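File shown: final_0.txt. Contents: compact mmCIF, C-alpha atoms.
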# COMPACT_ATOMS: atom_id res chain seq x y z
CA MET N 190 112.72 109.71 119.13
CA THR N 191 116.06 110.69 120.73
CA GLY N 192 116.39 107.45 122.66
CA LEU N 193 115.38 105.39 119.65
CA ALA N 194 117.91 107.24 117.51
CA ALA N 195 120.68 106.47 120.00
CA LEU N 196 119.79 102.77 119.90
CA PHE N 197 119.73 102.86 116.11
CA GLY N 198 123.18 104.46 116.03
CA LEU N 199 124.61 101.80 118.33
CA THR N 200 122.96 99.05 116.30
CA ALA N 201 124.38 100.45 113.06
CA LEU N 202 127.88 100.61 114.56
CA LEU N 203 127.78 97.00 115.75
CA TYR N 204 126.21 95.58 112.60
CA ALA N 205 128.41 97.56 110.20
CA ALA N 206 131.44 96.16 112.02
CA VAL N 207 130.51 92.71 110.70
CA GLY N 208 129.25 93.79 107.27
CA PHE N 209 125.51 93.78 108.08
CA GLY N 210 122.94 96.57 107.82
CA GLY N 211 121.01 95.98 111.06
CA GLY N 212 117.56 95.51 109.55
CA SER N 213 116.51 92.82 112.01
CA THR N 214 117.25 94.96 115.05
CA TYR N 215 115.84 98.15 113.48
CA THR N 216 112.64 96.20 112.91
CA ALA N 217 112.65 95.01 116.51
CA LEU N 218 113.24 98.50 117.89
CA LEU N 219 110.57 100.06 115.67
CA LEU N 220 108.03 97.51 116.81
CA LEU N 221 108.95 98.07 120.45
CA GLY N 222 108.55 101.79 119.74
CA SER N 223 104.98 101.20 118.52
CA VAL N 224 105.66 102.35 114.96
CA ALA N 225 102.87 101.26 112.59
CA VAL N 226 103.64 97.75 111.31
CA GLY N 227 103.06 98.76 107.69
CA LEU N 228 105.82 101.38 107.89
CA VAL N 229 108.42 99.18 109.55
CA PRO N 230 109.83 97.41 106.43
CA ALA N 231 110.36 100.68 104.53
CA ILE N 232 112.08 102.42 107.45
CA SER N 233 114.30 99.39 108.13
CA LEU N 234 115.28 99.11 104.46
CA ALA N 235 116.07 102.84 104.29
CA CYS N 236 118.33 102.50 107.33
CA ASN N 237 120.00 99.48 105.76
CA VAL N 238 120.80 101.49 102.64
CA VAL N 239 122.35 104.30 104.69
CA VAL N 240 124.53 101.90 106.69
CA VAL N 241 125.79 99.52 104.02
CA THR N 242 126.38 102.03 101.22
CA GLY N 243 129.52 103.34 102.88
CA GLY N 244 130.52 99.86 103.95
CA THR N 245 130.22 98.44 100.45
CA ILE N 246 132.31 101.29 99.03
CA ARG N 247 135.00 100.87 101.68
CA PHE N 248 135.13 97.09 101.25
CA ALA N 249 135.54 97.60 97.50
CA ARG N 250 138.29 100.17 97.96
CA ALA N 251 140.06 97.83 100.36
CA GLY N 252 140.12 95.19 97.62
CA VAL N 253 138.28 92.52 99.60
CA MET N 254 135.06 92.39 97.55
CA PRO N 255 134.91 89.08 95.60
CA TRP N 256 132.98 90.60 92.69
CA ALA N 257 132.96 87.54 90.43
CA LYS N 258 131.40 85.37 93.14
CA ALA N 259 129.17 88.00 94.74
CA LEU N 260 127.47 89.52 91.69
CA PRO N 261 125.54 86.37 90.64
CA LEU N 262 124.01 86.16 94.14
CA VAL N 263 123.03 89.82 94.00
CA ALA N 264 121.68 89.54 90.46
CA VAL N 265 119.17 86.81 91.33
CA ALA N 266 118.15 88.39 94.64
CA ALA N 267 117.51 91.98 93.49
CA PRO N 268 114.42 91.44 91.31
CA LEU N 269 112.89 89.20 93.98
CA ALA N 270 113.49 91.93 96.57
CA PHE N 271 111.60 94.35 94.35
CA LEU N 272 108.72 91.89 93.99
CA GLY N 273 108.75 91.35 97.74
CA GLY N 274 108.44 95.08 98.32
CA LEU N 275 105.50 95.21 95.91
CA THR N 276 103.72 92.25 97.45
CA PRO N 277 100.54 93.32 99.29
CA VAL N 278 100.52 91.66 102.70
CA LYS N 279 97.76 91.88 105.29
CA GLN N 280 98.87 93.23 108.64
CA GLY N 281 98.25 89.93 110.44
CA VAL N 282 100.32 88.02 107.90
CA LEU N 283 103.06 90.66 108.01
CA VAL N 284 103.25 90.38 111.79
CA ILE N 285 103.71 86.61 111.52
CA LEU N 286 106.35 86.99 108.79
CA LEU N 287 108.17 89.61 110.83
CA GLY N 288 108.06 87.46 113.94
CA LEU N 289 109.37 84.37 112.17
CA SER N 290 112.03 86.40 110.36
CA LEU N 291 113.21 87.99 113.60
CA LEU N 292 113.32 84.61 115.32
CA ALA N 293 115.39 83.22 112.46
CA SER N 294 117.61 86.31 112.63
CA ALA N 295 118.25 85.72 116.32
CA LEU N 296 119.34 82.16 115.58
CA ALA N 297 121.54 83.38 112.72
CA LEU N 298 123.13 85.95 115.03
CA LEU N 299 124.02 83.25 117.54
CA PHE N 300 125.08 80.67 114.98
CA GLN N 301 128.81 80.35 114.42
CA PRO N 302 130.09 77.54 112.20
CA GLN N 303 132.52 75.39 114.17
CA THR N 304 133.11 72.53 111.76
CA ALA N 305 136.72 71.72 110.86
CA LYS N 306 135.67 70.75 107.35
CA PRO N 307 133.40 72.87 105.12
CA VAL N 308 129.86 71.66 104.64
CA SER N 309 129.24 70.33 101.14
CA LEU N 310 126.79 72.49 99.20
CA SER N 311 126.46 72.80 95.45
CA PRO N 312 127.23 76.34 94.27
CA LYS N 313 124.03 76.15 92.21
CA LEU N 314 121.98 75.94 95.41
CA LEU N 315 123.27 79.32 96.50
CA LEU N 316 121.33 81.04 93.72
CA PRO N 317 117.82 79.93 94.81
CA ILE N 318 118.80 80.61 98.43
CA ALA N 319 119.85 84.14 97.45
CA ALA N 320 116.61 84.63 95.51
CA ALA N 321 114.50 83.55 98.50
CA LEU N 322 116.41 85.87 100.81
CA GLY N 323 115.90 88.72 98.35
CA TYR N 324 112.13 88.22 98.39
CA LEU N 325 112.10 88.06 102.18
CA ALA N 326 114.12 91.26 102.32
CA GLY N 327 111.57 93.13 100.23
CA VAL N 328 108.59 91.90 102.25
CA VAL N 329 109.80 92.39 105.83
CA GLY N 330 112.70 94.85 105.60
CA ILE N 331 115.56 92.53 106.58
CA GLY N 332 118.32 92.75 103.98
CA GLY N 333 119.10 89.05 103.98
CA GLY N 334 122.82 89.27 104.63
CA ILE N 335 122.36 88.08 108.19
CA PHE N 336 121.12 84.76 106.79
CA LEU N 337 123.49 84.57 103.83
CA ALA N 338 126.71 85.15 105.77
CA PRO N 339 126.45 82.08 108.07
CA ILE N 340 125.80 79.90 105.03
CA LEU N 341 128.85 81.29 103.24
CA HIS N 342 130.98 80.80 106.34
CA LEU N 343 129.71 77.25 106.77
CA ILE N 344 130.72 76.19 103.27
CA ARG N 345 133.99 78.16 103.44
CA TRP N 346 132.87 80.18 100.44
CA ALA N 347 135.56 82.82 101.04
CA GLU N 348 137.66 84.27 103.83
CA ALA N 349 135.89 86.23 106.59
CA ARG N 350 136.33 89.76 105.24
CA ALA N 351 135.23 88.71 101.75
CA VAL N 352 132.06 87.20 103.24
CA ALA N 353 131.41 90.42 105.19
CA ALA N 354 131.91 92.45 102.01
CA THR N 355 129.53 90.19 100.08
CA ALA N 356 126.90 90.44 102.82
CA SER N 357 127.20 94.23 102.71
CA LEU N 358 126.70 94.35 98.93
CA PHE N 359 123.85 91.83 99.13
CA ILE N 360 122.04 93.91 101.76
CA LEU N 361 122.58 97.16 99.87
CA VAL N 362 121.11 95.95 96.59
CA ASN N 363 118.25 94.04 98.21
CA SER N 364 117.38 97.03 100.37
CA LEU N 365 117.37 99.43 97.42
CA PHE N 366 115.14 97.19 95.33
CA GLY N 367 112.92 96.24 98.26
CA LEU N 368 112.52 99.85 99.33
CA THR N 369 111.58 100.83 95.79
CA GLY N 370 108.85 98.20 95.80
CA GLN N 371 107.65 99.33 99.23
CA LEU N 372 107.43 102.96 98.09
CA ILE N 373 105.46 102.03 94.97
CA LYS N 374 103.13 99.83 97.00
CA GLY N 375 102.70 102.58 99.59
CA LYS N 376 101.61 105.14 96.97
CA GLY N 377 104.99 106.81 96.81
CA GLY N 378 104.54 110.22 98.41
CA ASP N 379 102.77 109.02 101.54
CA MET N 380 105.38 106.37 102.26
CA ILE N 381 108.26 108.74 101.48
CA ASP N 382 106.83 111.28 103.93
CA ALA N 383 106.50 108.58 106.58
CA VAL N 384 110.11 107.47 106.15
CA ALA N 385 111.38 111.06 105.99
CA GLY N 386 109.53 111.79 109.23
CA HIS N 387 111.93 109.41 110.94
CA TRP N 388 115.01 111.31 109.70
CA PRO N 389 116.77 111.30 113.11
CA LEU N 390 117.05 107.52 112.78
CA LEU N 391 118.69 107.87 109.36
CA ILE N 392 121.23 110.37 110.73
CA ALA N 393 121.95 108.10 113.69
CA VAL N 394 122.63 105.03 111.53
CA LEU N 395 124.80 107.10 109.18
CA ILE N 396 127.08 108.06 112.08
CA GLY N 397 127.09 104.63 113.69
CA GLY N 398 127.51 102.82 110.40
CA THR N 399 130.48 104.96 109.39
CA ILE N 400 132.32 104.11 112.61
CA GLY N 401 131.43 100.42 112.38
CA THR N 402 132.54 100.15 108.79
CA GLN N 403 135.99 101.48 109.64
CA LEU N 404 136.31 98.72 112.22
CA ALA N 405 135.15 96.09 109.73
CA VAL N 406 137.58 97.08 107.00
CA LYS N 407 140.55 97.26 109.38
CA THR N 408 139.93 94.32 111.67
CA GLY N 409 137.49 92.03 109.86
CA PRO N 410 134.18 90.81 111.25
CA ALA N 411 133.78 89.90 114.92
CA THR N 412 131.19 87.66 116.56
CA LEU N 413 130.18 89.93 119.44
CA ILE N 414 127.26 91.41 117.48
CA ARG N 415 125.44 88.07 117.51
CA ARG N 416 125.42 87.88 121.28
CA LEU N 417 124.67 91.56 121.84
CA THR N 418 121.52 91.64 119.74
CA ALA N 419 120.15 88.10 119.49
CA VAL N 420 118.28 88.29 122.81
CA LEU N 421 116.54 91.55 121.87
CA VAL N 422 115.55 90.26 118.45
CA ALA N 423 114.29 86.97 119.87
CA PHE N 424 112.30 88.80 122.56
CA VAL N 425 110.50 90.95 120.00
CA ALA N 426 109.88 87.89 117.80
CA VAL N 427 108.22 86.00 120.66
CA ARG N 428 106.25 89.08 121.60
CA LEU N 429 104.97 89.49 118.06
CA LEU N 430 104.10 85.85 117.57
CA PHE N 431 102.47 85.25 120.94
CA GLY N 432 101.11 88.71 121.75
CA PHE N 433 102.85 89.57 125.01

Let me see whether you can do it: turn the structure in this file into C-alpha cells.
Amino acid sequence: MTGLAALFGLTALLYAAVGFGGGSTYTALLLLGSVAVGLVPAISLACNVVVVTGGTIRFARAGVMPWAKALPLVAVAAPLAFLGGLTPVKQGVLVILLGLSLLASALALLFQPQTAKPVSLSPKLLLPIAAALGYLAGVVGIGGGIFLAPILHLIRWAEARAVAATASLFILVNSLFGLTGQLIKGKGGDMIDAVAGHWPLLIAVLIGGTIGTQLAVKTGPATLIRRLTAVLVAFVAVRLLFGF
C-alpha cells in the first residue's frame, strides 16, 4: 500500500496542477494493484473528490472560475453522474468500459489543440456532451474533466486557467454524485468500509493535490501531465481489453 500511496500522491500533484482529479490514472494504478474491479470506480471517485475540492476552492478564490459558463455544464452532468453510479454493470462489461475509457483518456492526455482558429461548435452541443461525460464518470470513476478540457480548449471556450477551473468544478460535482450512486448501489456500509480501507491513498492524494493546486493557481495549466501519464493509462487499457 505504501508504494501505491506514493504513486497516488505523485499523480494527484501532477493532475491537480492542470485542474484534473487524476481518476484515469488512479483507476489504472488500482487495476495494476489487483484491487477488485467493482471497488475501483468508488475509490477513484473518492480520490477525485479529495484532490479537486481544494483546487475548486482555490480557483474560485483566485477569481478565475467562469461561474456563468461552467454551472450549466455541471448542472446537466451531475444527475447523470448519479445515475451512472447507480447503474448495475456486470464485471465483464465494466472491464470493457474501463478499458475503453482509459484508452480515450490516454488520447485526451496527449491531445493538444494546435489550430490557429477555434473549431466551430454550437454552445448547445456542450450540454449533451457534458451529460454523457457525467454518466461515464459515475459508471467508471473518471470525473470527465480530462475529456471536457480538450474540447473547451479546442473551441477557445475560455482562457487556459478558466478551463482548468471549470474542469476542476466539473470533476468535483460529478465525482460527488457518482460516488453517492456507487455507495447506494454497493449497499452503503460495505462499500464505505472498502473505500475507507484504502485511507492511505486518500491521505496521499490530499497532500499531492494540495501542492499541485498551488502550482495551477499560480502558473496555470501545463501540458507535461499528458505525456507523463498517457503511456501508463494506455498500457493498462490495452491490458484490460486484451488480457495481457

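Ranking N:Leu391, N:Cys236, N:Met254, N:Leu421 by their shortest atom-to-atom distance to Gly210 (chain N), with all atoms listed in the file included, puts N:Cys236 first.
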
Could you give me, as a count of residues only, the residues that have an atom at most 12 Å away from the point (110.8, 112.8, 112.3) in the coordinates of the file, using all atoms listed in the file?
18

Taking all atoms listed in the file into account, produce a table as CSV in which each residue of region 239-340 of chain N with an atom at most 7 Å from an atom of region 351-354 of chain N appears once, together with its shortest atom pair and the distance in Å to one decimal, ordered by chain and rising number.
residue,atom,partner,partner_atom,distance
N:Thr245,CA,N:Ala354,CA,6.4
N:Phe248,CA,N:Ala354,CA,5.7
N:Val253,CA,N:Ala351,CA,5.3
N:Met254,CA,N:Ala354,CA,5.5
N:Pro255,CA,N:Ala351,CA,6.2
N:Ala338,CA,N:Val352,CA,6.3

Output C-alpha atoms for every residue in that selection, as a PDB file, keeping the file's coordinate frame.
ATOM      1  CA  THR N 245     130.220  98.440 100.450  1.00  0.00           C
ATOM      2  CA  PHE N 248     135.130  97.090 101.250  1.00  0.00           C
ATOM      3  CA  VAL N 253     138.280  92.520  99.600  1.00  0.00           C
ATOM      4  CA  MET N 254     135.060  92.390  97.550  1.00  0.00           C
ATOM      5  CA  PRO N 255     134.910  89.080  95.600  1.00  0.00           C
ATOM      6  CA  ALA N 338     126.710  85.150 105.770  1.00  0.00           C
TER       7      ALA N 338
END

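When all atoms listed in the file are used to compute distances to Val226 (chain N), the closest of the residues N:Gly208, N:Arg250, N:Leu196, N:Ile285 turns out to be N:Ile285.
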
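Using only C-alpha atoms, the shortest contact distance between Leu341 (chain N) and any of N:Asn363, N:Ala319, N:Ser294, N:Ile396 is found at N:Ala319.
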
Residue nearest Gly432 (chain N) among N:Val284, N:Leu291, N:Ile400, N:Ala356 (counting only C-alpha atoms)
N:Val284

Find the residue from N:Leu220, N:Leu289, N:Ala295, N:Leu429 that sits nearest to Leu325 (chain N); use all atoms listed in the file when measuring.
N:Leu289

CA of Pro230 (chain N) sits from CA of Lys313 (chain N) at a separation of 29.3 Å

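Distances from N:Thr399, N:Thr200, N:Ser290, N:Thr369 to Phe336 (chain N) were compared using all atoms listed in the file, and the smallest one belongs to N:Ser290.
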
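Non-sequential neighbours of Leu272 (chain N) (distance at most 12 Å, separation of 4 or more positions within a chain, all atoms listed in the file) are Val265, Ala266, Ala267, Pro268, Thr276, Pro277, Val278, Ala320, Ala321, Leu322, Gly323, Tyr324, Leu325, Ala326, Gly327, Val328, Val329, Asn363, Ser364, Leu365, Phe366, Gly367, Leu368, Thr369, Gly370, Gln371, Leu372, Ile373 and Lys374 of chain N.
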
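Interatomic distance, CA of Gly398 (chain N) against CA of Val240 (chain N): 4.8 Å.
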
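When CA of Gly334 (chain N) is paired with CA of Leu314 (chain N), their separation reads 16.2 Å.
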
Working from the structure I just supplied, which lacks atoms in region 351-365 of chain N, can you model N, CA, C and O atoms there and output them as an mmCIF file, in the frame of the given file?
data_model
loop_
_atom_site.group_PDB
_atom_site.id
_atom_site.type_symbol
_atom_site.label_atom_id
_atom_site.label_comp_id
_atom_site.auth_asym_id
_atom_site.auth_seq_id
_atom_site.Cartn_x
_atom_site.Cartn_y
_atom_site.Cartn_z
ATOM 1 N N ALA N 351 135.920 88.803 103.045
ATOM 2 C CA ALA N 351 135.230 88.710 101.750
ATOM 3 C C ALA N 351 133.757 88.367 101.951
ATOM 4 O O ALA N 351 132.887 88.870 101.232
ATOM 5 N N VAL N 352 133.455 87.517 102.940
ATOM 6 C CA VAL N 352 132.060 87.200 103.240
ATOM 7 C C VAL N 352 131.347 88.438 103.772
ATOM 8 O O VAL N 352 130.203 88.727 103.391
ATOM 9 N N ALA N 353 132.003 89.193 104.654
ATOM 10 C CA ALA N 353 131.410 90.420 105.190
ATOM 11 C C ALA N 353 131.137 91.416 104.064
ATOM 12 O O ALA N 353 130.089 92.081 104.031
ATOM 13 N N ALA N 354 132.079 91.530 103.130
ATOM 14 C CA ALA N 354 131.910 92.450 102.010
ATOM 15 C C ALA N 354 130.737 92.009 101.136
ATOM 16 O O ALA N 354 129.923 92.840 100.696
ATOM 17 N N THR N 355 130.631 90.711 100.889
ATOM 18 C CA THR N 355 129.530 90.190 100.080
ATOM 19 C C THR N 355 128.191 90.426 100.759
ATOM 20 O O THR N 355 127.210 90.822 100.115
ATOM 21 N N ALA N 356 128.135 90.196 102.073
ATOM 22 C CA ALA N 356 126.900 90.440 102.820
ATOM 23 C C ALA N 356 126.498 91.903 102.726
ATOM 24 O O ALA N 356 125.318 92.239 102.576
ATOM 25 N N SER N 357 127.474 92.798 102.795
ATOM 26 C CA SER N 357 127.200 94.230 102.710
ATOM 27 C C SER N 357 126.604 94.595 101.348
ATOM 28 O O SER N 357 125.597 95.312 101.254
ATOM 29 N N LEU N 358 127.209 94.090 100.271
ATOM 30 C CA LEU N 358 126.700 94.350 98.930
ATOM 31 C C LEU N 358 125.310 93.749 98.745
ATOM 32 O O LEU N 358 124.415 94.381 98.169
ATOM 33 N N PHE N 359 125.125 92.545 99.229
ATOM 34 C CA PHE N 359 123.850 91.830 99.130
ATOM 35 C C PHE N 359 122.740 92.632 99.816
ATOM 36 O O PHE N 359 121.647 92.819 99.265
ATOM 37 N N ILE N 360 123.032 93.123 101.009
ATOM 38 C CA ILE N 360 122.040 93.910 101.760
ATOM 39 C C ILE N 360 121.743 95.218 101.054
ATOM 40 O O ILE N 360 120.580 95.646 100.974
ATOM 41 N N LEU N 361 122.774 95.877 100.538
ATOM 42 C CA LEU N 361 122.580 97.160 99.870
ATOM 43 C C LEU N 361 121.639 97.030 98.674
ATOM 44 O O LEU N 361 120.655 97.776 98.559
ATOM 45 N N VAL N 362 121.917 96.089 97.805
ATOM 46 C CA VAL N 362 121.110 95.950 96.590
ATOM 47 C C VAL N 362 119.697 95.487 96.929
ATOM 48 O O VAL N 362 118.706 96.020 96.415
ATOM 49 N N ASN N 363 119.574 94.503 97.804
ATOM 50 C CA ASN N 363 118.250 94.040 98.210
ATOM 51 C C ASN N 363 117.434 95.166 98.846
ATOM 52 O O ASN N 363 116.233 95.296 98.597
ATOM 53 N N SER N 364 118.087 95.953 99.683
ATOM 54 C CA SER N 364 117.380 97.030 100.370
ATOM 55 C C SER N 364 116.919 98.107 99.399
ATOM 56 O O SER N 364 115.812 98.633 99.515
ATOM 57 N N LEU N 365 117.756 98.434 98.424
ATOM 58 C CA LEU N 365 117.370 99.430 97.420
ATOM 59 C C LEU N 365 116.170 98.952 96.603
ATOM 60 O O LEU N 365 115.199 99.701 96.408
#
